[in-house]
>>> print(open('work.pdb').read())   # PDB, C-alpha atoms
ATOM      1  CA  LYS O   1       0.000   0.000   0.000
ATOM      2  CA  TYR O   2       2.881   2.412   0.780
ATOM      3  CA  LEU O   3       4.140   2.128  -2.805
ATOM      4  CA  PHE O   4       0.772   3.135  -4.278
ATOM      5  CA  THR O   5      -0.326   5.841  -1.850
ATOM      6  CA  HIS O   6       3.022   7.469  -1.048
ATOM      7  CA  LEU O   7       5.761   6.771  -3.587
ATOM      8  CA  LEU O   8       3.451   6.726  -6.624
ATOM      9  CA  GLY O   9       0.890   8.995  -4.976
ATOM     10  CA  ILE O  10      -2.293   7.286  -6.174
ATOM     11  CA  VAL O  11      -4.957   8.595  -3.795
ATOM     12  CA  ASN O  12      -8.581   7.464  -3.971
ATOM     13  CA  ASP O  13     -10.881  10.509  -3.838
ATOM     14  CA  ASP O  14     -14.038   8.392  -3.571
ATOM     15  CA  ASN O  15     -14.797   4.783  -2.665
ATOM     16  CA  ALA O  16     -14.597   3.387  -6.200
ATOM     17  CA  TYR O  17     -11.460   5.022  -7.655
ATOM     18  CA  GLU O  18     -13.634   6.966 -10.102
ATOM     19  CA  ALA O  19     -11.876  10.133  -8.935
ATOM     20  CA  VAL O  20      -8.188  10.075  -8.038
ATOM     21  CA  THR O  21      -5.392  12.442  -7.145
ATOM     22  CA  ILE O  22      -1.833  11.646  -8.200
ATOM     23  CA  GLU O  23       0.522  13.208  -5.654
ATOM     24  CA  PRO O  24       3.818  11.301  -5.399
ATOM     25  CA  LYS O  25       6.086  11.814  -2.400
ATOM     26  CA  PHE O  26       9.530  12.184  -3.965
ATOM     27  CA  VAL O  27      12.128  10.873  -1.513
ATOM     28  CA  ASN O  28      15.872  11.372  -1.511
ATOM     29  CA  GLY O  29      17.827   8.432  -2.877
ATOM     30  CA  LEU O  30      14.954   7.090  -4.976
ATOM     31  CA  ASN O  31      15.273   8.373  -8.533
ATOM     32  CA  TYR O  32      12.866   5.993 -10.272
ATOM     33  CA  ALA O  33       9.500   4.472  -9.440
ATOM     34  CA  GLU O  34       6.878   2.697 -11.513
ATOM     35  CA  GLY O  35       3.694   0.836 -10.762
ATOM     36  CA  TYR O  36       0.032   0.515 -11.486
ATOM     37  CA  LEU O  37      -3.193  -0.191  -9.688
ATOM     38  CA  THR O  38      -5.965  -2.156 -11.393
ATOM     39  CA  ILE O  39      -9.440  -0.802 -10.696
ATOM     40  CA  LYS O  40     -12.851  -1.603 -12.164
ATOM     41  CA  ASN O  41     -12.406   1.033 -14.920
ATOM     42  CA  GLY O  42      -8.950  -0.215 -15.935
ATOM     43  CA  LYS O  43      -5.402   0.605 -14.917
ATOM     44  CA  ILE O  44      -4.010   3.657 -13.121
ATOM     45  CA  GLY O  45      -0.300   3.775 -13.878
ATOM     46  CA  VAL O  46       2.404   6.107 -12.610
ATOM     47  CA  LYS O  47       6.047   6.165 -13.655
ATOM     48  CA  TYR O  48       8.665   8.761 -12.855
ATOM     49  CA  GLU O  49      12.378   9.308 -13.162
ATOM     50  CA  LYS O  50      14.222  12.126 -11.421
ATOM     51  CA  THR O  51      17.191  13.889 -12.993
ATOM     52  CA  GLU O  52      19.292  16.673 -11.498
ATOM     53  CA  SER O  53      16.932  19.376 -12.725
ATOM     54  CA  SER O  54      13.595  17.745 -13.540
ATOM     55  CA  ILE O  55      11.167  14.884 -13.036
ATOM     56  CA  HIS O  56       9.928  12.954 -16.069
ATOM     57  CA  MET O  57       6.474  11.489 -15.417
ATOM     58  CA  GLU O  58       4.082   9.244 -17.284
ATOM     59  CA  ILE O  59       0.579   8.849 -15.909
ATOM     60  CA  GLU O  60      -2.056   6.518 -17.320
ATOM     61  CA  ILE O  61      -5.710   7.057 -16.420
ATOM     62  CA  PRO O  62      -8.544   4.733 -17.517
ATOM     63  CA  GLU O  63     -11.769   5.855 -19.193
ATOM     64  CA  ASN O  64     -14.577   7.044 -16.881
ATOM     65  CA  THR O  65     -12.096   8.123 -14.213
ATOM     66  CA  THR O  66     -11.381  11.745 -13.309
ATOM     67  CA  ALA O  67      -7.883  12.531 -12.136
ATOM     68  CA  ILE O  68      -5.567  15.369 -11.224
ATOM     69  CA  LEU O  69      -1.839  15.632 -10.661
ATOM     70  CA  SER O  70      -0.865  17.717  -7.652
ATOM     71  CA  TYR O  71       2.727  18.993  -7.614
ATOM     72  CA  LYS O  72       4.238  21.993  -5.821
ATOM     73  CA  ASP O  73       0.896  23.664  -5.119
ATOM     74  CA  LYS O  74      -0.174  23.311  -8.755
ATOM     75  CA  ILE O  75      -3.033  21.172 -10.022
ATOM     76  CA  TYR O  76      -3.007  19.591 -13.487
ATOM     77  CA  ASP O  77      -6.157  17.994 -14.920
ATOM     78  CA  LEU O  78      -5.460  14.569 -16.402
ATOM     79  CA  GLU O  79      -7.300  13.138 -19.386
ATOM     80  CA  SER O  80      -7.900   9.428 -19.822
ATOM     81  CA  GLY O  81      -5.055   7.675 -21.572
ATOM     82  CA  LEU O  82      -1.330   8.327 -21.222
ATOM     83  CA  THR O  83      -0.064  11.783 -20.269
ATOM     84  CA  LYS O  84       3.614  12.723 -20.118
ATOM     85  CA  PHE O  85       5.058  15.552 -18.055
ATOM     86  CA  ILE O  86       8.468  17.089 -17.487
ATOM     87  CA  LEU O  87       8.323  18.919 -14.172
ATOM     88  CA  SER O  88      10.925  21.275 -12.722
ATOM     89  CA  LYS O  89      12.354  20.246  -9.373
TER      90      LYS O  89
END
>>> encode(input="work.pdb", output="structure tokens")
Amino acid sequence: KYLFTHLLGIVNDDNAYEAVTIEPKFVNGLNYAEGYLTIKNGKIGVKYEKTESSIHMEIEIPENTTAILSYKDKIYDLESGLTKFILSK
């Protein structure tokens, strides 16, 4: 559970994972994480790799699921399918 809710940051906003927040906790010494959670609508996947200056993320959201990415006090709406981000550290 720690991997999903903290390192990958997949947080269930309702009881059925139809609304989720992606808010990874980036820890020192861990530069790469990847995983997915299978829900009734499909697969929620999160992958990230940290570099010296940025974080490369790929987030997969299934159909009929609303999702946001929360990072450094900013909120990004996520569409269903695969979304790629390059975030500044």
>>> closest_residue(input="work.pdb", among="O:Ser80, O:Ser70, O:Asn15, O:Ser53", to="Asn31 of chain O", atoms="all atoms listed in the file")
O:Ser53
>>> resolve_selection(input="work.pdb", expression="the PyMOL selection byres ((chain O and resi 84-89) around 12)", output="PDB file with C-alpha atoms, in the frame of the given file")
ATOM      1  CA  PHE O  26       9.530  12.184  -3.965  1.00  0.00           C
ATOM      2  CA  GLY O  45      -0.300   3.775 -13.878  1.00  0.00           C
ATOM      3  CA  VAL O  46       2.404   6.107 -12.610  1.00  0.00           C
ATOM      4  CA  LYS O  47       6.047   6.165 -13.655  1.00  0.00           C
ATOM      5  CA  TYR O  48       8.665   8.761 -12.855  1.00  0.00           C
ATOM      6  CA  GLU O  49      12.378   9.308 -13.162  1.00  0.00           C
ATOM      7  CA  LYS O  50      14.222  12.126 -11.421  1.00  0.00           C
ATOM      8  CA  THR O  51      17.191  13.889 -12.993  1.00  0.00           C
ATOM      9  CA  GLU O  52      19.292  16.673 -11.498  1.00  0.00           C
ATOM     10  CA  SER O  53      16.932  19.376 -12.725  1.00  0.00           C
ATOM     11  CA  SER O  54      13.595  17.745 -13.540  1.00  0.00           C
ATOM     12  CA  ILE O  55      11.167  14.884 -13.036  1.00  0.00           C
ATOM     13  CA  HIS O  56       9.928  12.954 -16.069  1.00  0.00           C
ATOM     14  CA  MET O  57       6.474  11.489 -15.417  1.00  0.00           C
ATOM     15  CA  GLU O  58       4.082   9.244 -17.284  1.00  0.00           C
ATOM     16  CA  ILE O  59       0.579   8.849 -15.909  1.00  0.00           C
ATOM     17  CA  GLU O  60      -2.056   6.518 -17.320  1.00  0.00           C
ATOM     18  CA  ILE O  61      -5.710   7.057 -16.420  1.00  0.00           C
ATOM     19  CA  LEU O  69      -1.839  15.632 -10.661  1.00  0.00           C
ATOM     20  CA  SER O  70      -0.865  17.717  -7.652  1.00  0.00           C
ATOM     21  CA  TYR O  71       2.727  18.993  -7.614  1.00  0.00           C
ATOM     22  CA  LYS O  72       4.238  21.993  -5.821  1.00  0.00           C
ATOM     23  CA  LYS O  74      -0.174  23.311  -8.755  1.00  0.00           C
ATOM     24  CA  TYR O  76      -3.007  19.591 -13.487  1.00  0.00           C
ATOM     25  CA  ASP O  77      -6.157  17.994 -14.920  1.00  0.00           C
ATOM     26  CA  LEU O  78      -5.460  14.569 -16.402  1.00  0.00           C
ATOM     27  CA  GLU O  79      -7.300  13.138 -19.386  1.00  0.00           C
ATOM     28  CA  SER O  80      -7.900   9.428 -19.822  1.00  0.00           C
ATOM     29  CA  GLY O  81      -5.055   7.675 -21.572  1.00  0.00           C
ATOM     30  CA  LEU O  82      -1.330   8.327 -21.222  1.00  0.00           C
ATOM     31  CA  THR O  83      -0.064  11.783 -20.269  1.00  0.00           C
TER      32      THR O  83
END
>>> atom_distance(input="work.pdb", atom1="atom CA of Ala19 of chain O", atom2="atom CA of Tyr32 of chain O")
25.1 Å
>>> closest_residue(input="work.pdb", among="O:Ala16, O:Ile44, O:Ile10, O:Leu30", to="Glu63 of chain O", atoms="all atoms listed in the file")
O:Ile44
>>> atom_distance(input="work.pdb", atom1="atom CA of Ile22 of chain O", atom2="atom CA of Ala67 of chain O")
7.3 Å
>>> atom_distance(input="work.pdb", atom1="atom CA of Gly29 of chain O", atom2="atom CA of Ile68 of chain O")
25.8 Å
>>> closest_residue(input="work.pdb", among="O:Thr38, O:Asp73, O:His6, O:Val11", to="Pro24 of chain O", atoms="all atoms listed in the file")
O:His6
>>> residues_near_point(input="work.pdb", point="(-14.5, 8.1, -12.3)", cutoff="6 Å", atoms="only C-alpha atoms", output="compact mmCIF listing (two decimals) with C-alpha atoms, in the coordinates of the input")
# COMPACT_ATOMS: atom_id res chain seq x y z
CA GLU O 18 -13.63 6.97 -10.10
CA ALA O 19 -11.88 10.13 -8.94
CA ASN O 64 -14.58 7.04 -16.88
CA THR O 65 -12.10 8.12 -14.21
CA THR O 66 -11.38 11.74 -13.31
>>> closest_residue(input="work.pdb", among="O:Ile39, O:Val20, O:Val27, O:Ala33", to="Leu8 of chain O", atoms="only C-alpha atoms")
O:Ala33
>>> axis_aligned_box(input="work.pdb", around="segment 26-45 of chain O", padding_each_side="5 Å", output="AutoDock Vina command-line options")
--center_x 2.5 --center_y 5.0 --center_z -8.7 --size_x 40.7 --size_y 24.3 --size_z 24.4
>>> decode(input="work.pdb", residues="segment 25-53 of chain O", atoms="N, CA, C and O atoms", output="compact mmCIF listing (two decimals), in the first residue's frame")
# COMPACT_ATOMS: atom_id res chain seq x y z
N LYS O 25 5.16 11.29 -3.40
CA LYS O 25 6.09 11.81 -2.40
C LYS O 25 7.49 11.46 -2.89
O LYS O 25 7.91 10.31 -2.80
N PHE O 26 8.19 12.43 -3.44
CA PHE O 26 9.53 12.18 -3.96
C PHE O 26 10.53 12.16 -2.80
O PHE O 26 10.65 13.14 -2.07
N VAL O 27 11.20 11.04 -2.63
CA VAL O 27 12.13 10.87 -1.51
C VAL O 27 13.57 10.89 -2.02
O VAL O 27 13.85 10.49 -3.16
N ASN O 28 14.45 11.36 -1.17
CA ASN O 28 15.87 11.37 -1.51
C ASN O 28 16.38 9.95 -1.67
O ASN O 28 16.01 9.06 -0.91
N GLY O 29 17.23 9.75 -2.65
CA GLY O 29 17.83 8.43 -2.88
C GLY O 29 17.02 7.52 -3.78
O GLY O 29 17.50 6.48 -4.18
N LEU O 30 15.79 7.88 -4.07
CA LEU O 30 14.95 7.09 -4.98
C LEU O 30 14.70 7.93 -6.22
O LEU O 30 13.96 8.90 -6.18
N ASN O 31 15.36 7.58 -7.32
CA ASN O 31 15.27 8.37 -8.53
C ASN O 31 14.32 7.80 -9.57
O ASN O 31 14.10 8.43 -10.60
N TYR O 32 13.75 6.63 -9.30
CA TYR O 32 12.87 5.99 -10.27
C TYR O 32 11.81 5.19 -9.52
O TYR O 32 12.11 4.50 -8.54
N ALA O 33 10.58 5.30 -9.98
CA ALA O 33 9.50 4.47 -9.44
C ALA O 33 8.49 4.23 -10.55
O ALA O 33 8.28 5.08 -11.42
N GLU O 34 7.88 3.06 -10.51
CA GLU O 34 6.88 2.70 -11.51
C GLU O 34 5.94 1.67 -10.91
O GLU O 34 6.36 0.77 -10.19
N GLY O 35 4.66 1.81 -11.21
CA GLY O 35 3.69 0.84 -10.76
C GLY O 35 2.31 1.18 -11.28
O GLY O 35 2.09 2.25 -11.84
N TYR O 36 1.41 0.26 -11.07
CA TYR O 36 0.03 0.51 -11.49
C TYR O 36 -0.92 -0.17 -10.52
O TYR O 36 -0.57 -1.10 -9.80
N LEU O 37 -2.12 0.33 -10.52
CA LEU O 37 -3.19 -0.19 -9.69
C LEU O 37 -4.35 -0.52 -10.61
O LEU O 37 -4.79 0.32 -11.39
N THR O 38 -4.84 -1.75 -10.57
CA THR O 38 -5.97 -2.16 -11.39
C THR O 38 -7.26 -1.88 -10.63
O THR O 38 -7.43 -2.33 -9.50
N ILE O 39 -8.14 -1.12 -11.28
CA ILE O 39 -9.44 -0.80 -10.70
C ILE O 39 -10.52 -1.28 -11.66
O ILE O 39 -10.21 -1.78 -12.74
N LYS O 40 -11.78 -1.09 -11.30
CA LYS O 40 -12.85 -1.60 -12.16
C LYS O 40 -12.88 -0.93 -13.53
O LYS O 40 -13.28 -1.53 -14.51
N ASN O 41 -12.42 0.33 -13.64
CA ASN O 41 -12.41 1.03 -14.92
C ASN O 41 -11.18 0.72 -15.77
O ASN O 41 -11.12 1.12 -16.92
N GLY O 42 -10.19 0.07 -15.20
CA GLY O 42 -8.95 -0.22 -15.93
C GLY O 42 -7.73 -0.08 -15.06
O GLY O 42 -7.74 -0.45 -13.89
N LYS O 43 -6.68 0.52 -15.60
CA LYS O 43 -5.40 0.61 -14.92
C LYS O 43 -5.01 2.06 -14.69
O LYS O 43 -5.06 2.87 -15.61
N ILE O 44 -4.62 2.37 -13.44
CA ILE O 44 -4.01 3.66 -13.12
C ILE O 44 -2.52 3.38 -13.00
O ILE O 44 -2.09 2.61 -12.15
N GLY O 45 -1.74 4.00 -13.88
CA GLY O 45 -0.30 3.77 -13.88
C GLY O 45 0.47 5.06 -13.65
O GLY O 45 0.09 6.11 -14.15
N VAL O 46 1.53 4.96 -12.87
CA VAL O 46 2.40 6.11 -12.61
C VAL O 46 3.84 5.64 -12.76
O VAL O 46 4.22 4.58 -12.23
N LYS O 47 4.62 6.45 -13.47
CA LYS O 47 6.05 6.16 -13.66
C LYS O 47 6.77 7.50 -13.59
O LYS O 47 6.31 8.48 -14.18
N TYR O 48 7.87 7.54 -12.84
CA TYR O 48 8.67 8.76 -12.85
C TYR O 48 10.14 8.46 -12.73
O TYR O 48 10.54 7.44 -12.18
N GLU O 49 10.93 9.38 -13.27
CA GLU O 49 12.38 9.31 -13.16
C GLU O 49 12.89 10.71 -12.87
O GLU O 49 12.56 11.67 -13.59
N LYS O 50 13.67 10.83 -11.80
CA LYS O 50 14.22 12.13 -11.42
C LYS O 50 15.61 12.30 -12.04
O LYS O 50 16.40 11.37 -12.07
N THR O 51 15.87 13.50 -12.54
CA THR O 51 17.19 13.89 -12.99
C THR O 51 17.66 15.01 -12.06
O THR O 51 16.96 15.36 -11.11
N GLU O 52 18.79 15.59 -12.36
CA GLU O 52 19.29 16.67 -11.50
C GLU O 52 18.38 17.89 -11.50
O GLU O 52 18.26 18.58 -10.50
N SER O 53 17.72 18.15 -12.63
CA SER O 53 16.93 19.38 -12.73
C SER O 53 15.43 19.17 -12.94
O SER O 53 14.67 20.13 -12.86
